[in-house]
Amino acid sequence: MAHIIDGKAIARKLRAEITAGVAHLGTLGIRPGLAVVLVGDNPASRVYVGMKEKACRDVGIFSDEHTLPAETGENELLALINRLNNDERIHGILVQLPLPKHIVESRVLEAIAPHKDVDGFHPYNVGRLVTGKPVFRPCTPYGIMVMLQETGIDLTGKEVVVVGRSNIVGKPVALMCLQQHATVTVCHTRTIDLPKKITMADVLIAAVGRPEVIRGEWIKPGAVVIDVGVNRVGEKKLVGDVEFEAAVKRASHISPVPGGVGPMTITMLLQNTLQAAKLSVGEL
Ligand code: NAP
């Protein structure tokens, strides 16, 4: 049976370190501040924003929430971002996605000052990641890398297969693995013979968003499996992208859903906000 990677425990340890880092900045008269902007009333987004606020409070980060009505115009949103860019209390700005259809997401993300872009979605930060000199890394892939590192998994020379090529998970995690000297294959809906690609993986990272689409029998015995997918089945049950019950019998390590990657994502947002505050006073 695989070792279950306990994302909650790793996140708890990191949050204790972040709390200490925030307290240290406090001695210099700096309190890290995160502005979270929510447009509209998407219930899932509300839940995420609430979780982010609570996480900030728990580690001592100042949380500044802006909830705007769904009909807010793009210019109004850009004006708010401009104000936050110039607000000295704010070190990180996060715009909760998705935005309502009438707002062009890229214009909004590009309006965030790169040194406050704690989600790591601004083209400046994407470019830094591509060139191997990251400043702010997107939170979910960053959390995956920390999880692997904390579990003692060295990617050097490993065959990593990433399923999914989104800008928020698949692509950035592939780049981060490349940076860690893995040989990386990125799969998607047009990939031919996905099972064969997966069979080759020493490390499989699944970021698909389809319940248990990756069958346990495709997993190479002894592989490391990181399941990013969060899929609701029925009323209450959450499952990942990997068929857990079968995969756990073949893998050497596997991250569960829930309790794997999920707790790491918000933790890395806190980490990025702390980093932004440190950078603002030349502490890094
Ligand atoms: P996304 O933007 O929908 O991207 C999904 C990717 O999977 C796409 O690249 C798509 O390929 C690929 N794909 C879909 N079906 C496939 C199939 N049958 N075979 C091969 N590839 C397939 O999703 P995302 O934002 O990256 O999120 C992925 C999952 O991770 C979701 O379940 C999401 O909820 C979860 N997630 C979790 C966290 C967390 O903190 N735990 C954070 C972010 C996301 P194409 O590009 O060809 O369409």
# chains A, B, ... in the order shown; residues from 1 in each chain; ligands from 1
>>> select_by_dssp(residues="region 1-194 of chain A", states="strand (DSSP E or B)", output="ChimeraX atom specification")
/A:3-4,33-39,62-68,92-95,159-163,183-187
>>> residues_near_ligand(ligand="ligand 1", cutoff="6 Å", atoms="only C-alpha atoms and all ligand atoms", output="list in words")
Thr140, Val163, Gly164, Arg165, Ser166, Ile168, Val169, Gly170, Cys187, His188, Thr189, Arg190, Ala207, Val208, Gly209, Val228, Gly229, Val230, Asn231, Val261, Gly262 and Thr265 of chain A
>>> residues_around(residues="region 236-247 of chain A", least_positions_apart="5", cutoff="12 Å", atoms="only C-alpha atoms", output="PyMOL selection string")
chain A and resi 1-4+162-164+198-199+204-231+252-262
>>> write_last_selection(atoms="N, CA and C atoms", output="tab-separated table (two decimals), in the first residue's frame")
chain	number	residue	atom	x	y	z
A	1	MET	N	0.84	-1.20	0.00
A	1	MET	CA	0.00	0.00	0.00
A	1	MET	C	0.87	1.25	0.00
A	2	ALA	N	0.44	2.25	-0.75
A	2	ALA	CA	1.22	3.49	-0.87
A	2	ALA	C	1.23	4.28	0.44
A	3	HIS	N	2.29	5.05	0.61
A	3	HIS	CA	2.32	6.03	1.68
A	3	HIS	C	1.37	7.17	1.28
A	4	ILE	N	0.48	7.55	2.19
A	4	ILE	CA	-0.47	8.63	1.88
A	4	ILE	C	0.20	9.97	2.22
A	162	VAL	N	2.36	14.94	-16.56
A	162	VAL	CA	1.33	15.85	-16.07
A	162	VAL	C	0.12	15.68	-16.97
A	163	VAL	N	-1.03	15.43	-16.39
A	163	VAL	CA	-2.25	15.36	-17.21
A	163	VAL	C	-3.04	16.64	-16.94
A	164	GLY	N	-3.20	17.45	-17.98
A	164	GLY	CA	-3.82	18.77	-17.86
A	164	GLY	C	-2.82	19.84	-18.24
A	198	ILE	N	0.84	7.34	-19.20
A	198	ILE	CA	0.78	7.27	-17.74
A	198	ILE	C	1.60	6.09	-17.21
A	199	THR	N	1.59	5.01	-17.95
A	199	THR	CA	2.35	3.82	-17.55
A	199	THR	C	3.85	4.12	-17.42
A	204	LEU	N	3.29	10.94	-11.40
A	204	LEU	CA	2.10	11.34	-12.16
A	204	LEU	C	1.43	12.51	-11.44
A	205	ILE	N	1.17	13.58	-12.18
A	205	ILE	CA	0.44	14.71	-11.60
A	205	ILE	C	-0.84	14.87	-12.41
A	206	ALA	N	-1.97	14.63	-11.77
A	206	ALA	CA	-3.25	14.65	-12.48
A	206	ALA	C	-4.00	15.93	-12.15
A	207	ALA	N	-4.21	16.78	-13.16
A	207	ALA	CA	-4.97	18.03	-12.97
A	207	ALA	C	-5.97	18.13	-14.11
A	208	VAL	N	-6.98	17.30	-14.04
A	208	VAL	CA	-7.91	17.11	-15.15
A	208	VAL	C	-9.29	17.69	-14.84
A	209	GLY	N	-9.81	17.34	-13.66
A	209	GLY	CA	-11.16	17.78	-13.32
A	209	GLY	C	-12.23	16.82	-13.81
A	210	ARG	N	-11.89	15.52	-13.91
A	210	ARG	CA	-12.87	14.47	-14.28
A	210	ARG	C	-12.76	13.36	-13.24
A	211	PRO	N	-13.87	13.01	-12.57
A	211	PRO	CA	-13.79	12.05	-11.47
A	211	PRO	C	-13.16	10.71	-11.87
A	212	GLU	N	-12.07	10.39	-11.25
A	212	GLU	CA	-11.39	9.08	-11.37
A	212	GLU	C	-11.18	8.64	-12.81
A	213	VAL	N	-10.88	9.61	-13.68
A	213	VAL	CA	-10.68	9.31	-15.11
A	213	VAL	C	-9.38	8.51	-15.30
A	214	ILE	N	-8.45	8.61	-14.36
A	214	ILE	CA	-7.19	7.88	-14.48
A	214	ILE	C	-7.30	6.58	-13.69
A	215	ARG	N	-7.23	5.48	-14.41
A	215	ARG	CA	-7.47	4.18	-13.80
A	215	ARG	C	-6.23	3.70	-13.04
A	216	GLY	N	-6.51	3.03	-11.95
A	216	GLY	CA	-5.43	2.52	-11.11
A	216	GLY	C	-4.47	1.61	-11.85
A	217	GLU	N	-5.01	0.82	-12.77
A	217	GLU	CA	-4.16	-0.17	-13.48
A	217	GLU	C	-3.16	0.49	-14.43
A	218	TRP	N	-3.33	1.80	-14.73
A	218	TRP	CA	-2.39	2.51	-15.59
A	218	TRP	C	-1.13	2.96	-14.82
A	219	ILE	N	-1.23	2.95	-13.49
A	219	ILE	CA	-0.14	3.49	-12.68
A	219	ILE	C	1.02	2.50	-12.65
A	220	LYS	N	2.22	3.01	-12.92
A	220	LYS	CA	3.42	2.15	-12.86
A	220	LYS	C	3.65	1.75	-11.41
A	221	PRO	N	3.90	0.47	-11.14
A	221	PRO	CA	4.14	0.09	-9.74
A	221	PRO	C	5.28	0.90	-9.14
A	222	GLY	N	5.04	1.47	-7.96
A	222	GLY	CA	6.06	2.27	-7.28
A	222	GLY	C	6.04	3.75	-7.65
A	223	ALA	N	5.12	4.16	-8.52
A	223	ALA	CA	5.08	5.57	-8.93
A	223	ALA	C	4.56	6.47	-7.80
A	224	VAL	N	4.90	7.75	-7.93
A	224	VAL	CA	4.37	8.77	-7.01
A	224	VAL	C	3.17	9.41	-7.72
A	225	VAL	N	2.05	9.50	-7.03
A	225	VAL	CA	0.83	10.03	-7.65
A	225	VAL	C	0.35	11.26	-6.89
A	226	ILE	N	0.28	12.37	-7.61
A	226	ILE	CA	-0.26	13.61	-7.03
A	226	ILE	C	-1.57	13.90	-7.73
A	227	ASP	N	-2.63	13.88	-6.97
A	227	ASP	CA	-3.97	14.06	-7.53
A	227	ASP	C	-4.48	15.46	-7.19
A	228	VAL	N	-4.56	16.30	-8.20
A	228	VAL	CA	-4.98	17.69	-7.98
A	228	VAL	C	-6.49	17.84	-8.12
A	229	GLY	N	-7.10	16.95	-8.84
A	229	GLY	CA	-8.52	17.08	-9.15
A	229	GLY	C	-9.42	17.13	-7.93
A	230	VAL	N	-10.42	17.97	-8.00
A	230	VAL	CA	-11.44	18.02	-6.95
A	230	VAL	C	-12.77	17.90	-7.67
A	231	ASN	N	-13.40	16.75	-7.54
A	231	ASN	CA	-14.64	16.50	-8.27
A	231	ASN	C	-15.73	16.08	-7.29
A	252	SER	N	3.85	4.18	-4.84
A	252	SER	CA	4.66	4.19	-3.61
A	252	SER	C	4.16	5.31	-2.68
A	253	HIS	N	3.71	6.42	-3.30
A	253	HIS	CA	3.19	7.57	-2.55
A	253	HIS	C	1.98	8.09	-3.32
A	254	ILE	N	0.97	8.52	-2.59
A	254	ILE	CA	-0.21	9.09	-3.28
A	254	ILE	C	-0.82	10.19	-2.41
A	255	SER	N	-1.26	11.27	-3.07
A	255	SER	CA	-1.93	12.34	-2.31
A	255	SER	C	-3.43	12.12	-2.41
A	256	PRO	N	-4.14	12.14	-1.29
A	256	PRO	CA	-5.58	11.86	-1.30
A	256	PRO	C	-6.40	13.10	-1.67
A	257	VAL	N	-7.65	12.87	-1.99
A	257	VAL	CA	-8.61	13.96	-2.19
A	257	VAL	C	-9.85	13.63	-1.36
A	258	PRO	N	-10.21	14.45	-0.39
A	258	PRO	CA	-9.53	15.69	0.03
A	258	PRO	C	-8.34	15.39	0.94
A	259	GLY	N	-7.63	16.45	1.32
A	259	GLY	CA	-6.54	16.30	2.31
A	259	GLY	C	-5.16	16.18	1.68
A	260	GLY	N	-5.06	16.38	0.36
A	260	GLY	CA	-3.75	16.33	-0.29
A	260	GLY	C	-3.31	17.70	-0.74
A	261	VAL	N	-3.51	17.97	-2.04
A	261	VAL	CA	-3.06	19.24	-2.61
A	261	VAL	C	-3.88	20.42	-2.07
A	262	GLY	N	-5.17	20.20	-1.84
A	262	GLY	CA	-6.07	21.28	-1.42
A	262	GLY	C	-5.51	22.16	-0.31
>>> closest_atom_pairs(of="region 253-273 of chain A", to="region 83-105 of chain A", cutoff="12 Å", atoms="only C-alpha atoms", output="JSON lines")
{"residue": "A:Ile266", "atom": "CA", "partner": "A:Leu94", "partner_atom": "CA", "distance": 11.6}
{"residue": "A:Leu269", "atom": "CA", "partner": "A:Gly92", "partner_atom": "CA", "distance": 9.1}
{"residue": "A:Leu270", "atom": "CA", "partner": "A:Gly92", "partner_atom": "CA", "distance": 9.4}
{"residue": "A:Gln271", "atom": "CA", "partner": "A:Gly92", "partner_atom": "CA", "distance": 10.6}
{"residue": "A:Asn272", "atom": "CA", "partner": "A:Gly92", "partner_atom": "CA", "distance": 7.9}
{"residue": "A:Thr273", "atom": "CA", "partner": "A:Gly92", "partner_atom": "CA", "distance": 5.4}
>>> write_last_selection(atoms="N, CA, C and O atoms", output="PDB file, in the first residue's frame")
ATOM      1  N   ILE A 266      -3.857  27.210  -0.364  1.00  0.00           N
ATOM      2  CA  ILE A 266      -4.021  28.462   0.396  1.00  0.00           C
ATOM      3  C   ILE A 266      -2.758  28.752   1.200  1.00  0.00           C
ATOM      4  O   ILE A 266      -2.357  29.909   1.366  1.00  0.00           O
ATOM      5  N   LEU A 269      -0.457  30.619  -0.852  1.00  0.00           N
ATOM      6  CA  LEU A 269      -0.897  32.011  -1.010  1.00  0.00           C
ATOM      7  C   LEU A 269      -0.390  32.844   0.177  1.00  0.00           C
ATOM      8  O   LEU A 269       0.090  33.972   0.004  1.00  0.00           O
ATOM      9  N   LEU A 270      -0.479  32.261   1.366  1.00  0.00           N
ATOM     10  CA  LEU A 270       0.026  32.950   2.564  1.00  0.00           C
ATOM     11  C   LEU A 270       1.536  33.145   2.444  1.00  0.00           C
ATOM     12  O   LEU A 270       2.070  34.217   2.756  1.00  0.00           O
ATOM     13  N   GLN A 271       2.212  32.092   1.975  1.00  0.00           N
ATOM     14  CA  GLN A 271       3.664  32.151   1.804  1.00  0.00           C
ATOM     15  C   GLN A 271       4.044  33.263   0.818  1.00  0.00           C
ATOM     16  O   GLN A 271       4.967  34.053   1.061  1.00  0.00           O
ATOM     17  N   ASN A 272       3.317  33.335  -0.308  1.00  0.00           N
ATOM     18  CA  ASN A 272       3.605  34.365  -1.308  1.00  0.00           C
ATOM     19  C   ASN A 272       3.348  35.773  -0.752  1.00  0.00           C
ATOM     20  O   ASN A 272       4.070  36.716  -1.064  1.00  0.00           O
ATOM     21  N   THR A 273       2.303  35.901   0.072  1.00  0.00           N
ATOM     22  CA  THR A 273       1.991  37.219   0.646  1.00  0.00           C
ATOM     23  C   THR A 273       3.091  37.639   1.624  1.00  0.00           C
ATOM     24  O   THR A 273       3.527  38.802   1.628  1.00  0.00           O
TER      25      THR A 273
END
>>> closest_residue(among="A:Met145, A:Thr27, A:Gly127, A:Asn75", to="Ala111 (chain A)", atoms="only C-alpha atoms")
A:Asn75
>>> residues_around(residues="region 62-72 of chain A", least_positions_apart="2", cutoff="6 Å", atoms="only C-alpha atoms", output="VMD selection string")
chain A and resid 33 to 40 53
>>> write_last_selection(atoms="N, CA and C atoms", output="PDB file, in the first residue's frame")
ATOM      1  N   GLY A  33      -0.186  42.366   4.169  1.00  0.00           N
ATOM      2  CA  GLY A  33      -1.598  42.574   3.862  1.00  0.00           C
ATOM      3  C   GLY A  33      -1.967  41.962   2.527  1.00  0.00           C
ATOM      4  N   LEU A  34      -3.102  41.267   2.507  1.00  0.00           N
ATOM      5  CA  LEU A  34      -3.590  40.643   1.268  1.00  0.00           C
ATOM      6  C   LEU A  34      -4.971  41.201   0.936  1.00  0.00           C
ATOM      7  N   ALA A  35      -5.113  41.755  -0.266  1.00  0.00           N
ATOM      8  CA  ALA A  35      -6.435  42.191  -0.729  1.00  0.00           C
ATOM      9  C   ALA A  35      -7.029  41.086  -1.582  1.00  0.00           C
ATOM     10  N   VAL A  36      -8.258  40.692  -1.265  1.00  0.00           N
ATOM     11  CA  VAL A  36      -8.947  39.669  -2.049  1.00  0.00           C
ATOM     12  C   VAL A  36     -10.169  40.327  -2.687  1.00  0.00           C
ATOM     13  N   VAL A  37     -10.241  40.234  -4.015  1.00  0.00           N
ATOM     14  CA  VAL A  37     -11.317  40.893  -4.739  1.00  0.00           C
ATOM     15  C   VAL A  37     -12.235  39.826  -5.337  1.00  0.00           C
ATOM     16  N   LEU A  38     -13.510  39.933  -4.996  1.00  0.00           N
ATOM     17  CA  LEU A  38     -14.506  38.988  -5.503  1.00  0.00           C
ATOM     18  C   LEU A  38     -15.561  39.781  -6.264  1.00  0.00           C
ATOM     19  N   VAL A  39     -15.800  39.392  -7.506  1.00  0.00           N
ATOM     20  CA  VAL A  39     -16.855  40.048  -8.292  1.00  0.00           C
ATOM     21  C   VAL A  39     -17.971  39.036  -8.517  1.00  0.00           C
ATOM     22  N   GLY A  40     -19.168  39.394  -8.060  1.00  0.00           N
ATOM     23  CA  GLY A  40     -20.319  38.507  -8.254  1.00  0.00           C
ATOM     24  C   GLY A  40     -20.533  37.601  -7.057  1.00  0.00           C
ATOM     25  N   GLU A  53      -9.605  34.294   3.730  1.00  0.00           N
ATOM     26  CA  GLU A  53      -9.654  35.299   4.811  1.00  0.00           C
ATOM     27  C   GLU A  53      -9.314  34.683   6.153  1.00  0.00           C
TER      28      GLU A  53
END
>>> closest_residue(among="A:Ala23, A:Ile153, A:Leu148, A:Leu284", to="Ile61 (chain A)", atoms="only C-alpha atoms")
A:Ala23
>>> residues_around(residues="region 11-18 of chain A", least_positions_apart="4", cutoff="7 Å", atoms="only C-alpha atoms", output="ChimeraX atom specification")
/A:7,22,59,263-264,267,271
